[in-house]
$ cat data-v4.csv   # CSV, C-alpha atoms and all ligand atoms
chain,number,residue,atom,x,y,z
A,1,MET,CA,0.0,0.0,0.0
A,2,LYS,CA,1.2,3.5,-0.7
A,3,ALA,CA,-0.6,6.4,1.0
A,4,ARG,CA,-2.3,9.0,-1.2
A,5,LEU,CA,-1.8,12.6,-0.1
A,6,HIS,CA,-5.0,14.6,-0.5
A,7,ARG,CA,-5.3,18.3,-0.8
A,8,PRO,CA,-8.4,19.5,1.2
A,9,THR,CA,-10.7,20.1,-1.7
A,10,PRO,CA,-14.5,19.7,-1.2
A,11,ALA,CA,-14.4,16.5,-3.4
A,12,ALA,CA,-11.5,15.0,-1.4
A,13,LEU,CA,-13.2,15.7,1.9
A,14,ARG,CA,-16.4,14.0,0.7
A,15,GLN,CA,-14.4,11.0,-0.5
A,16,LEU,CA,-12.4,10.7,2.8
A,17,ALA,CA,-15.5,11.1,4.9
A,18,SER,CA,-17.1,8.1,3.0
A,19,VAL,CA,-13.8,6.1,3.5
A,20,LEU,CA,-14.1,6.8,7.2
A,21,ARG,CA,-17.8,5.9,7.3
A,22,ASP,CA,-17.1,2.6,5.5
A,23,GLY,CA,-14.5,1.6,8.1
A,24,GLY,CA,-11.3,2.8,6.4
A,25,LEU,CA,-8.3,4.7,7.8
A,26,VAL,CA,-7.5,8.3,7.1
A,27,ALA,CA,-4.7,10.4,8.6
A,28,ILE,CA,-6.1,13.8,9.4
A,29,PRO,CA,-4.8,17.1,10.6
A,30,THR,CA,-5.8,18.4,14.1
A,31,GLU,CA,-4.7,21.6,15.9
A,32,THR,CA,-2.3,19.5,18.0
A,33,VAL,CA,-0.8,16.8,15.9
A,34,TYR,CA,-1.9,14.6,13.0
A,35,GLY,CA,-4.2,11.8,14.0
A,36,LEU,CA,-4.8,8.4,12.4
A,37,ALA,CA,-8.6,8.3,12.2
A,38,ALA,CA,-11.2,5.5,12.0
A,39,HIS,CA,-14.9,5.1,12.7
A,40,ALA,CA,-14.9,4.8,16.5
A,41,LEU,CA,-17.9,2.5,16.8
A,42,ASP,CA,-16.5,0.1,14.2
A,43,THR,CA,-14.4,-2.5,16.0
A,44,LYS,CA,-12.7,-3.7,12.8
A,45,ALA,CA,-11.8,-0.2,11.8
A,46,CYS,CA,-10.3,0.5,15.2
A,47,ARG,CA,-8.3,-2.7,15.1
A,48,ALA,CA,-6.7,-1.5,11.9
A,49,ILE,CA,-5.4,1.6,13.7
A,50,PHE,CA,-3.6,-0.6,16.2
A,51,ARG,CA,-2.2,-2.7,13.4
A,52,ALA,CA,-0.9,0.3,11.4
A,53,LYS,CA,0.7,2.0,14.3
A,54,GLY,CA,2.1,-1.2,15.9
A,55,ARG,CA,0.4,0.0,19.0
A,56,PRO,CA,-0.3,-2.5,21.9
A,57,ALA,CA,-3.9,-3.2,22.5
A,58,HIS,CA,-3.7,-2.1,26.1
A,59,ASP,CA,-3.1,1.6,25.0
A,60,PRO,CA,-6.7,3.1,24.5
A,61,LEU,CA,-7.7,5.5,21.8
A,62,ILE,CA,-9.0,9.1,22.0
A,63,VAL,CA,-12.4,9.6,20.4
A,64,HIS,CA,-13.0,12.8,18.5
A,65,VAL,CA,-16.5,14.3,18.4
A,66,LEU,CA,-18.0,17.5,17.0
A,67,ASP,CA,-19.4,18.8,20.3
A,68,LEU,CA,-20.8,18.1,23.8
A,69,ALA,CA,-24.1,16.6,22.5
A,70,HIS,CA,-22.2,14.0,20.5
A,71,ALA,CA,-19.8,13.4,23.4
A,72,GLU,CA,-22.8,12.7,25.7
A,73,GLU,CA,-23.9,9.9,23.4
A,74,LEU,CA,-20.7,8.1,24.2
A,75,SER,CA,-20.1,8.8,27.9
A,76,ASP,CA,-21.6,9.9,31.2
A,77,PHE,CA,-20.8,13.6,31.7
A,78,ASN,CA,-20.7,15.2,35.1
A,79,ILE,CA,-20.8,18.9,36.1
A,80,ALA,CA,-17.0,19.4,36.0
A,81,ALA,CA,-16.9,17.9,32.5
A,82,ARG,CA,-19.6,20.2,31.2
A,83,LYS,CA,-17.9,23.3,32.6
A,84,LEU,CA,-14.6,22.3,31.0
A,85,THR,CA,-16.2,21.7,27.6
A,86,ARG,CA,-17.9,25.1,27.8
A,87,ALA,CA,-14.5,26.7,28.5
A,88,PHE,CA,-12.2,24.7,26.2
A,89,TRP,CA,-14.1,22.9,23.5
A,90,PRO,CA,-13.5,22.7,20.7
A,91,GLY,CA,-9.8,22.5,21.6
A,92,PRO,CA,-6.8,20.6,22.9
A,93,LEU,CA,-8.4,19.1,26.0
A,94,THR,CA,-9.3,15.4,26.3
A,95,LEU,CA,-11.7,14.2,29.0
A,96,VAL,CA,-11.7,10.7,30.4
A,97,LEU,CA,-15.2,9.8,31.5
A,98,PRO,CA,-17.2,6.6,32.2
A,99,LYS,CA,-18.1,5.1,28.8
A,100,LYS,CA,-21.5,4.2,27.5
A,101,PRO,CA,-22.1,0.6,26.3
A,102,CYS,CA,-22.1,1.7,22.6
A,103,VAL,CA,-18.3,2.4,22.8
A,104,PRO,CA,-16.5,-0.8,21.7
A,105,GLY,CA,-14.0,-2.4,24.1
A,106,ILE,CA,-11.2,-2.0,21.5
A,107,VAL,CA,-11.4,1.8,21.8
A,108,THR,CA,-11.0,1.8,25.6
A,109,SER,CA,-8.7,-1.3,25.9
A,110,GLY,CA,-11.5,-3.1,27.6
A,111,GLY,CA,-11.7,-0.4,30.4
A,112,PRO,CA,-14.8,1.4,31.8
A,113,THR,CA,-13.7,4.9,30.6
A,114,VAL,CA,-13.4,6.6,27.3
A,115,ALA,CA,-11.2,9.6,26.3
A,116,LEU,CA,-13.1,12.3,24.4
A,117,ARG,CA,-12.1,15.4,22.6
A,118,SER,CA,-13.6,17.9,20.2
A,119,PRO,CA,-10.9,19.1,17.9
A,120,ALA,CA,-10.8,22.8,16.8
A,121,HIS,CA,-9.0,22.2,13.5
A,122,PRO,CA,-11.5,23.2,10.7
A,123,LEU,CA,-10.6,20.2,8.5
A,124,ALA,CA,-11.0,17.7,11.4
A,125,ARG,CA,-14.4,19.3,12.1
A,126,ARG,CA,-15.4,19.2,8.4
A,127,LEU,CA,-14.6,15.5,8.3
A,128,LEU,CA,-16.5,14.8,11.5
A,129,LYS,CA,-19.5,16.6,10.1
A,130,LEU,CA,-19.4,14.9,6.7
A,131,ALA,CA,-18.7,11.4,8.1
A,132,GLY,CA,-21.4,11.8,10.7
A,133,VAL,CA,-19.6,9.4,13.1
A,134,PRO,CA,-17.2,9.8,16.0
A,135,LEU,CA,-13.6,9.3,15.0
A,136,ALA,CA,-11.1,7.4,17.1
A,137,ALA,CA,-7.7,8.9,16.4
A,138,PRO,CA,-4.3,8.4,18.1
A,139,SER,CA,-1.4,10.4,16.9
A,140,ALA,CA,-0.5,9.2,13.3
A,141,ASN,CA,3.0,7.8,14.1
A,142,PRO,CA,4.5,4.4,14.6
A,143,PHE,CA,4.2,3.5,18.3
A,144,THR,CA,6.7,5.3,20.5
A,145,TYR,CA,8.1,7.5,17.7
A,146,ILE,CA,7.8,11.3,17.6
A,147,SER,CA,4.2,12.5,16.8
A,148,PRO,CA,3.7,14.0,13.3
A,149,THR,CA,2.9,17.7,12.8
A,150,THR,CA,2.9,17.7,9.0
A,151,ALA,CA,1.4,15.4,6.4
A,152,GLU,CA,5.0,14.6,5.3
A,153,HIS,CA,5.8,13.3,8.8
A,154,VAL,CA,2.8,11.0,8.5
A,155,ARG,CA,4.0,9.8,5.1
A,156,GLN,CA,7.5,9.1,6.4
A,157,GLY,CA,6.2,7.0,9.4
A,158,LEU,CA,3.1,5.3,8.1
A,159,GLY,CA,3.1,5.9,4.3
A,160,SER,CA,3.4,2.3,3.4
A,161,ARG,CA,0.8,1.1,5.9
A,162,ILE,CA,-2.2,3.4,5.4
A,163,PRO,CA,-4.2,4.4,2.3
A,164,HIS,CA,-5.0,8.1,2.8
A,165,ILE,CA,-3.4,11.2,4.3
A,166,LEU,CA,-5.3,14.6,4.3
A,167,ASP,CA,-2.8,17.4,4.0
A,168,GLY,CA,-3.8,20.4,6.1
A,169,GLY,CA,-0.4,21.9,6.5
A,170,PRO,CA,1.6,22.1,9.7
A,171,CYS,CA,-0.4,21.8,13.0
A,172,PRO,CA,-0.8,25.1,14.7
A,173,ILE,CA,-0.2,23.9,18.3
A,174,GLY,CA,2.3,21.1,17.8
A,175,VAL,CA,2.0,19.1,21.0
A,176,GLU,CA,-0.8,16.7,22.0
A,177,SER,CA,-4.0,17.6,23.9
A,178,ALA,CA,-4.0,17.5,27.7
A,179,VAL,CA,-5.6,14.3,29.0
A,180,LEU,CA,-7.7,14.9,32.1
A,181,ASP,CA,-9.2,12.1,34.1
A,182,LEU,CA,-12.7,13.1,35.4
A,183,SER,CA,-14.0,9.6,36.0
A,184,ARG,CA,-13.5,9.8,39.7
A,185,SER,CA,-15.8,12.7,40.6
A,186,GLY,CA,-14.2,15.5,42.6
A,187,ARG,CA,-10.7,14.4,41.9
A,188,PRO,CA,-9.6,15.7,38.5
A,189,ARG,CA,-6.1,14.6,37.5
A,190,ILE,CA,-4.0,15.3,34.5
A,191,LEU,CA,-2.7,12.1,32.9
A,192,ARG,CA,-0.8,13.9,30.2
A,193,PRO,CA,0.0,17.6,30.3
A,194,GLY,CA,-0.9,19.5,27.1
A,195,ALA,CA,-1.8,22.7,25.4
A,196,ILE,CA,-4.5,23.4,28.1
A,197,SER,CA,-2.6,23.8,31.4
A,198,ALA,CA,-3.4,22.5,34.9
A,199,GLU,CA,-3.7,26.2,36.0
A,200,GLN,CA,-6.3,26.9,33.3
A,201,ILE,CA,-8.3,23.8,34.3
A,202,ALA,CA,-8.1,24.6,38.0
A,203,ARG,CA,-9.3,28.1,37.4
A,204,VAL,CA,-12.5,26.8,35.7
A,205,LEU,CA,-13.2,24.0,38.2
A,206,LYS,CA,-12.1,26.0,41.2
A,207,THR,CA,-10.6,22.9,42.7
A,208,LYS,CA,-7.1,21.4,43.0
A,209,VAL,CA,-6.0,19.6,39.9
A,210,THR,CA,-3.2,17.0,40.4
A,211,THR,CA,-0.8,15.9,37.7
A,212,VAL,CA,0.2,12.3,37.5
A,213,ARG,CA,4.0,12.7,37.1
A,214,ARG,CA,5.4,9.3,36.2
A,215,ALA,CA,4.5,5.8,35.3
A,216,GLY,CA,5.8,3.2,37.6
A,217,LYS,CA,3.0,2.3,39.9
A,218,LYS,CA,1.0,-0.5,38.3
A,219,GLY,CA,-2.3,1.3,38.8
A,220,VAL,CA,-1.2,4.4,37.0
A,221,ARG,CA,0.2,2.2,34.2
A,222,LEU,CA,-3.2,0.7,33.7
A,223,LEU,CA,-5.0,4.0,34.0
A,224,ALA,CA,-2.8,5.9,31.6
A,225,PRO,CA,-0.7,3.7,29.4
A,226,GLY,CA,0.4,6.8,27.6
A,227,LEU,CA,2.4,7.8,30.6
A,228,LEU,CA,4.8,4.9,29.9
A,229,ASP,CA,8.4,6.1,29.4
A,230,LYS,CA,10.0,5.8,26.0
A,231,HIS,CA,7.3,7.7,24.2
A,232,TYR,CA,7.8,10.4,21.7
A,233,SER,CA,11.3,9.1,21.2
A,234,PRO,CA,13.8,9.9,18.5
A,235,ARG,CA,16.2,7.1,17.6
A,236,THR,CA,19.3,9.2,18.6
A,237,PRO,CA,19.9,9.2,22.3
A,238,LEU,CA,18.7,12.5,23.8
A,239,THR,CA,19.7,14.3,27.0
A,240,MET,CA,18.1,17.4,28.5
A,241,ALA,CA,20.5,20.1,29.6
A,242,ASP,CA,20.4,23.6,31.1
A,243,SER,CA,22.6,25.3,28.6
A,244,PRO,CA,24.0,22.9,26.0
A,245,ARG,CA,27.1,24.0,24.0
A,246,ALA,CA,28.1,22.9,20.6
A,247,THR,CA,31.1,20.6,20.8
A,248,GLY,CA,31.1,19.1,17.3
A,249,ASP,CA,32.2,15.5,17.8
A,250,GLY,CA,29.0,14.0,16.5
A,251,GLN,CA,26.9,15.7,19.1
A,252,ALA,CA,23.9,17.9,18.2
A,253,ILE,CA,22.3,20.6,20.3
A,254,ILE,CA,18.7,22.0,20.2
A,255,LEU,CA,18.4,25.5,21.6
A,256,LEU,CA,15.2,27.2,22.8
A,257,ARG,CA,16.1,30.4,20.8
A,258,LYS,CA,17.9,31.0,17.6
A,259,PRO,CA,21.6,31.8,18.4
A,260,ALA,CA,23.1,35.0,17.0
A,261,GLY,CA,25.4,34.7,13.9
A,262,ASN,CA,25.8,31.8,11.6
A,263,ILE,CA,24.1,28.5,12.6
A,264,LEU,CA,26.8,25.8,12.9
A,265,PRO,CA,26.1,22.3,11.7
A,266,GLY,CA,24.6,20.2,14.5
A,267,VAL,CA,22.9,23.3,16.0
A,268,TYR,CA,19.1,23.4,15.9
A,269,TRP,CA,16.7,26.0,17.4
A,270,LEU,CA,13.1,26.0,18.4
A,271,SER,CA,12.1,29.7,18.2
A,272,ARG,CA,13.4,33.0,17.1
A,273,ARG,CA,12.9,34.8,20.4
A,274,GLY,CA,11.8,32.2,22.9
A,275,ALA,CA,8.1,32.4,22.5
A,276,LEU,CA,6.5,29.3,24.1
A,277,ALA,CA,3.8,28.8,21.4
A,278,GLU,CA,6.5,28.8,18.7
A,279,ILE,CA,8.7,26.4,20.7
A,280,ALA,CA,5.7,24.0,21.0
A,281,ARG,CA,4.8,24.3,17.3
A,282,ASN,CA,8.4,23.6,16.1
A,283,LEU,CA,9.3,20.9,18.8
A,284,TYR,CA,8.5,17.7,16.9
A,285,ARG,CA,9.7,19.0,13.5
A,286,VAL,CA,13.1,20.0,15.0
A,287,LEU,CA,13.4,16.7,17.0
A,288,ARG,CA,12.8,14.8,13.8
A,289,GLU,CA,15.4,16.9,11.8
A,290,ALA,CA,18.0,16.5,14.5
A,291,ASP,CA,17.2,12.7,14.7
A,292,ALA,CA,17.8,12.5,10.9
A,293,GLY,CA,21.1,14.4,11.1
A,294,GLY,CA,23.2,11.3,11.8
A,295,HIS,CA,24.4,12.5,15.3
A,296,ARG,CA,25.6,10.3,18.1
A,297,ARG,CA,23.7,12.2,20.8
A,298,ILE,CA,21.3,15.2,21.0
A,299,PHE,CA,21.4,17.7,23.9
A,300,VAL,CA,18.2,19.7,24.2
A,301,GLU,CA,17.8,22.9,26.2
A,302,LYS,CA,15.3,22.6,29.1
A,303,LEU,CA,12.7,25.2,29.7
A,304,PRO,CA,12.9,26.7,33.2
A,305,PRO,CA,10.2,25.0,35.3
A,306,THR,CA,8.9,28.4,36.4
A,307,VAL,CA,7.4,29.1,33.0
A,308,GLY,CA,3.7,28.2,33.1
A,309,GLY,CA,1.2,27.2,30.4
A,310,ILE,CA,2.3,24.8,27.7
A,311,ALA,CA,5.9,24.6,29.1
A,312,ALA,CA,4.8,21.7,31.3
A,313,ALA,CA,3.7,19.8,28.2
A,314,ILE,CA,7.0,20.6,26.4
A,315,ASN,CA,9.2,19.5,29.3
A,316,ASP,CA,7.0,16.4,29.7
A,317,ARG,CA,7.6,15.3,26.1
A,318,LEU,CA,11.3,16.0,26.3
A,319,ARG,CA,11.6,14.0,29.5
A,320,ARG,CA,9.9,11.0,27.8
A,321,ALA,CA,12.0,11.5,24.6
A,322,ALA,CA,15.1,11.4,26.8
A,323,ALA,CA,13.9,8.3,28.7
A,324,LYS,CA,16.3,5.3,28.5
A,325,ARG,CA,15.1,2.6,26.3
K,401,LIG,O1,-3.9,15.9,20.6
K,401,LIG,C1,-4.2,14.7,20.7
K,401,LIG,O2,-4.6,14.2,21.8
K,401,LIG,C2,-3.9,13.8,19.5
K,401,LIG,C3,-4.8,14.2,18.4
K,401,LIG,C4,-4.7,13.3,17.2
K,401,LIG,O3,-6.1,14.4,18.9
K,401,LIG,N1,-4.1,12.4,19.9
K,401,LIG,C5,-3.3,11.7,20.7
K,401,LIG,O4,-3.7,10.4,20.8
K,401,LIG,O5,-2.3,12.1,21.2
K,401,LIG,P1,-2.7,9.2,21.4
K,401,LIG,O6,-3.4,8.0,21.2
K,401,LIG,O7,-1.4,9.3,20.8
K,401,LIG,O8,-2.7,9.6,22.9
K,401,LIG,C6,-3.8,9.4,23.7
K,401,LIG,C7,-3.5,9.2,25.1
K,401,LIG,C8,-2.7,8.0,25.4
K,401,LIG,O9,-1.7,8.3,26.3
K,401,LIG,C9,-3.7,7.0,26.0
K,401,LIG,O10,-3.1,6.1,26.9
K,401,LIG,C10,-4.6,8.0,26.7
K,401,LIG,O11,-4.7,9.1,25.9
K,401,LIG,N2,-6.0,7.5,26.9
K,401,LIG,C11,-6.9,7.2,25.9
K,401,LIG,N3,-8.0,6.7,26.5
K,401,LIG,C12,-7.8,6.6,27.8
K,401,LIG,C13,-8.6,6.2,28.9
K,401,LIG,N4,-9.8,5.7,28.8
K,401,LIG,N5,-8.0,6.4,30.1
K,401,LIG,C14,-6.8,6.9,30.3
K,401,LIG,N6,-6.0,7.3,29.3
K,401,LIG,C15,-6.5,7.2,28.1
K,402,MG,MG,0.6,9.3,20.6
$ encode --input "data-v4.csv" --output "structure tokens" --more "lines below"
Ligand code: TXA
Ligand code: MG
Amino acid sequence: MKARLHRPTPAALRQLASVLRDGGLVAIPTETVYGLAAHALDTKACRAIFRAKGRPAHDPLIVHVLDLAHAEELSDFNIAARKLTRAFWPGPLTLVLPKKPCVPGIVTSGGPTVALRSPAHPLARRLLKLAGVPLAAPSANPFTYISPTTAEHVRQGLGSRIPHILDGGPCPIGVESAVLDLSRSGRPRILRPGAISAEQIARVLKTKVTTVRRAGKKGVRLLAPGLLDKHYSPRTPLTMADSPRATGDGQAIILLRKPAGNILPGVYWLSRRGALAEIARNLYRVLREADAGGHRRIFVEKLPPTVGGIAAAINDRLRRAAAKR
């Protein structure tokens, strides 16, 4: 199989929507990263996602819906969940809630909860509307590799395993949604930091929001398999550093800001002036470029922990990318 890249013409969108409705796979742009989408209520279609990604069956899928009304067909909403959808949907916030019986076990890895999000990307919304079905979509990368933020990234990773990629250009946010567990009422906890921060969520809920920091404990592992280490990993060994220096010698460095003067080989940068949103947007593209550069090791500059917002998500992904395999 060789994936076809589609420009987002009205005819292509209609065709891809019908592929999805009929149980086929389509890689689609979202505001965070590209997703590998399939009809969420079709067990066979969802099984094909796991196969294409090489993803273990115990790592559940996020289901994408147009809005709260569609989400409530799939899960039992509580007051906190409704407040958060009002504040942040459509957008990069995924809610984990008790599932309704119509959601197949393959989507939730047999568990009692389902992860739901309403994407803000206009093309993802267009396809949801045209297909008229909820779409299960994990990031469109081979399991454990860096998530894709362009159609070309998807093609490089999955081009020989999936039939269709919708090209919507680079993803505007660049890191995945925040995953928030609301299944135990009154005790919201972040399973994966993302573009919506813990502070933003706490402000809306007016309660404490905890963040599950590391895998390790068995219970956490089962609850949030995405917290496993060795996720988002380049093939080149990666180390986080406070202020990495270029040494040549097969080592690459990734800096938060573009350095002054000529850019030496092996030196990569994430933003022109240190703007967080720009760092997030460029993160996976630059990690991929550095990974393809033939270096022995990559040193990447840490964000100071005091920076709020999406910084927690950026450092989280870097920590996992740096995790020993
Ligand atoms: O931004 C995003 O969330 C992207 C775009 C495509 O929407 N999707 C994405 O999906 O990152 P994925 O599959 O790569 O990551 C989903 C995470 C995984 O860590 C998974 O373990 C967790 O969500 N998850 C899914 N369902 C869950 C559930 N019922 N309980 C706990 N964690 C769940
Ligand atoms: Mg992923």
$ residues_near_ligand --input "data-v4.csv" --ligand "ligand MG 402 (chain K)" --cutoff "9 Å" --atoms "all atoms listed in the file" --output "VMD selection string"
chain A and resid 33 35 138 to 147 176 226 231 to 232
$ residues_near_ligand --input "data-v4.csv" --ligand "ligand LIG 401 (chain K)" --cutoff "7 Å" --atoms "only C-alpha atoms and all ligand atoms" --output "JSON, numbers by chain"
{"A": [30, 32, 33, 34, 35, 36, 59, 60, 61, 62, 92, 94, 96, 108, 111, 113, 114, 115, 119, 137, 138, 139, 175, 176, 177, 178, 179, 181, 191, 192, 223, 224, 225, 226, 227]}
$ residues_near_point --input "data-v4.csv" --point "(16.8, 7.5, 24.7)" --cutoff "7 Å" --atoms "only C-alpha atoms" --output "compact mmCIF listing (two decimals) with C-alpha atoms, in the frame of the given file"
# COMPACT_ATOMS: atom_id res chain seq x y z
CA SER A 233 11.30 9.10 21.20
CA THR A 236 19.30 9.20 18.60
CA PRO A 237 19.90 9.20 22.30
CA LEU A 238 18.70 12.50 23.80
CA ALA A 321 12.00 11.50 24.60
CA ALA A 322 15.10 11.40 26.80
CA ALA A 323 13.90 8.30 28.70
CA LYS A 324 16.30 5.30 28.50
CA ARG A 325 15.10 2.60 26.30
$ closest_residue --input "data-v4.csv" --among "A:Val19, A:Val26, A:Leu205, A:Ala38" --to "A:Ile79" --atoms "all atoms listed in the file"
A:Leu205
$ closest_residue --input "data-v4.csv" --among "A:Ala11, A:Ala57, A:Ala280, A:Leu264" --to "A:Ala252" --atoms "all atoms listed in the file"
A:Leu264
$ atom_distance --input "data-v4.csv" --atom1 "atom CA of A:Leu158" --atom2 "atom CA of A:Met1"
10.2 Å
$ closest_residue --input "data-v4.csv" --among "A:Val103, A:Ala195, A:Val204, A:Ala151" --to "A:Arg317" --atoms "only C-alpha atoms"
A:Ala195
$ atom_distance --input "data-v4.csv" --atom1 "atom CA of A:Gln200" --atom2 "atom CA of A:Asp67"
20.2 Å
$ closest_residue --input "data-v4.csv" --among "A:Ala198, A:Ile49, A:Leu97, A:Ala37" --to "A:Leu128" --atoms "only C-alpha atoms"
A:Ala37
$ atom_distance --input "data-v4.csv" --atom1 "atom CA of A:Arg117" --atom2 "atom CA of A:Ser183"
14.7 Å
$ residues_around --input "data-v4.csv" --residues "A:Ala124" --least-positions-apart "3" --cutoff "12 Å" --atoms "all atoms listed in the file" --output "NGL selection string"
:A and (8 or 13 or 16-17 or 26-37 or 64-66 or 90-91 or 117-121 or 127-132 or 134-137 or 166-168 or 171)
$ closest_residue --input "data-v4.csv" --among "A:Ser18, A:Asn282, A:Thr211, A:Ser185" --to "A:Asp76" --atoms "all atoms listed in the file"
A:Ser185
$ closest_residue --input "data-v4.csv" --among "A:Val286, A:Val107, A:Leu95, A:Ile314" --to "A:Ala48" --atoms "all atoms listed in the file"
A:Val107
$ residues_around --input "data-v4.csv" --residues "A:Ser160" --least-positions-apart "6" --cutoff "10 Å" --atoms "all atoms listed in the file" --output "PyMOL selection string"
chain A and resi 1-4+52
$ residues_around --input "data-v4.csv" --residues "stretch 288-301 of chain A" --least-positions-apart "6" --cutoff "6 Å" --atoms "only C-alpha atoms" --output "MDAnalysis selection string"
chainID A and resid 234 236:243 250:255
$ residues_around --input "data-v4.csv" --residues "A:Arg203" --least-positions-apart "5" --cutoff "12 Å" --atoms "only C-alpha atoms" --output "CSV table (one decimal) with C-alpha atoms, in the coordinates of the input"
chain,number,residue,atom,x,y,z
A,80,ALA,CA,-17.0,19.4,36.0
A,83,LYS,CA,-17.9,23.3,32.6
A,84,LEU,CA,-14.6,22.3,31.0
A,87,ALA,CA,-14.5,26.7,28.5
A,196,ILE,CA,-4.5,23.4,28.1
A,197,SER,CA,-2.6,23.8,31.4
A,198,ALA,CA,-3.4,22.5,34.9
A,208,LYS,CA,-7.1,21.4,43.0
A,209,VAL,CA,-6.0,19.6,39.9
$ residues_around --input "data-v4.csv" --residues "A:Pro112" --least-positions-apart "6" --cutoff "9 Å" --atoms "all atoms listed in the file" --output "ChimeraX atom specification"
/A:97-100,105
$ build_atoms --input "data-v4.csv" --residues "stretch 238-249 of chain A" --atoms "N, CA and C atoms" --output "PDB file, in the frame of the given file"
ATOM      1  N   LEU A 238      18.935  11.064  23.541  1.00  0.00           N
ATOM      2  CA  LEU A 238      18.700  12.500  23.800  1.00  0.00           C
ATOM      3  C   LEU A 238      18.845  12.785  25.271  1.00  0.00           C
ATOM      4  N   THR A 239      19.450  13.917  25.571  1.00  0.00           N
ATOM      5  CA  THR A 239      19.700  14.300  27.000  1.00  0.00           C
ATOM      6  C   THR A 239      19.163  15.752  27.135  1.00  0.00           C
ATOM      7  N   MET A 240      18.483  16.017  28.240  1.00  0.00           N
ATOM      8  CA  MET A 240      18.100  17.400  28.500  1.00  0.00           C
ATOM      9  C   MET A 240      19.190  18.090  29.287  1.00  0.00           C
ATOM     10  N   ALA A 241      19.408  19.363  28.955  1.00  0.00           N
ATOM     11  CA  ALA A 241      20.500  20.100  29.600  1.00  0.00           C
ATOM     12  C   ALA A 241      20.093  21.528  29.839  1.00  0.00           C
ATOM     13  N   ASP A 242      20.776  22.188  30.786  1.00  0.00           N
ATOM     14  CA  ASP A 242      20.400  23.600  31.100  1.00  0.00           C
ATOM     15  C   ASP A 242      20.872  24.553  30.042  1.00  0.00           C
ATOM     16  N   SER A 243      22.162  24.505  29.693  1.00  0.00           N
ATOM     17  CA  SER A 243      22.600  25.300  28.600  1.00  0.00           C
ATOM     18  C   SER A 243      23.599  24.592  27.728  1.00  0.00           C
ATOM     19  N   PRO A 244      23.076  23.780  26.803  1.00  0.00           N
ATOM     20  CA  PRO A 244      24.000  22.900  26.000  1.00  0.00           C
ATOM     21  C   PRO A 244      24.874  23.779  25.102  1.00  0.00           C
ATOM     22  N   ARG A 245      26.105  23.325  24.913  1.00  0.00           N
ATOM     23  CA  ARG A 245      27.100  24.000  24.000  1.00  0.00           C
ATOM     24  C   ARG A 245      27.437  23.063  22.889  1.00  0.00           C
ATOM     25  N   ALA A 246      27.642  23.670  21.738  1.00  0.00           N
ATOM     26  CA  ALA A 246      28.100  22.900  20.600  1.00  0.00           C
ATOM     27  C   ALA A 246      29.512  22.437  20.777  1.00  0.00           C
ATOM     28  N   THR A 247      29.766  21.127  20.635  1.00  0.00           N
ATOM     29  CA  THR A 247      31.100  20.600  20.800  1.00  0.00           C
ATOM     30  C   THR A 247      31.624  19.969  19.497  1.00  0.00           C
ATOM     31  N   GLY A 248      30.778  19.924  18.473  1.00  0.00           N
ATOM     32  CA  GLY A 248      31.100  19.100  17.300  1.00  0.00           C
ATOM     33  C   GLY A 248      31.122  17.673  17.723  1.00  0.00           C
ATOM     34  N   ASP A 249      32.024  16.836  17.198  1.00  0.00           N
ATOM     35  CA  ASP A 249      32.200  15.500  17.800  1.00  0.00           C
ATOM     36  C   ASP A 249      30.955  14.648  17.715  1.00  0.00           C
TER      37      ASP A 249
END
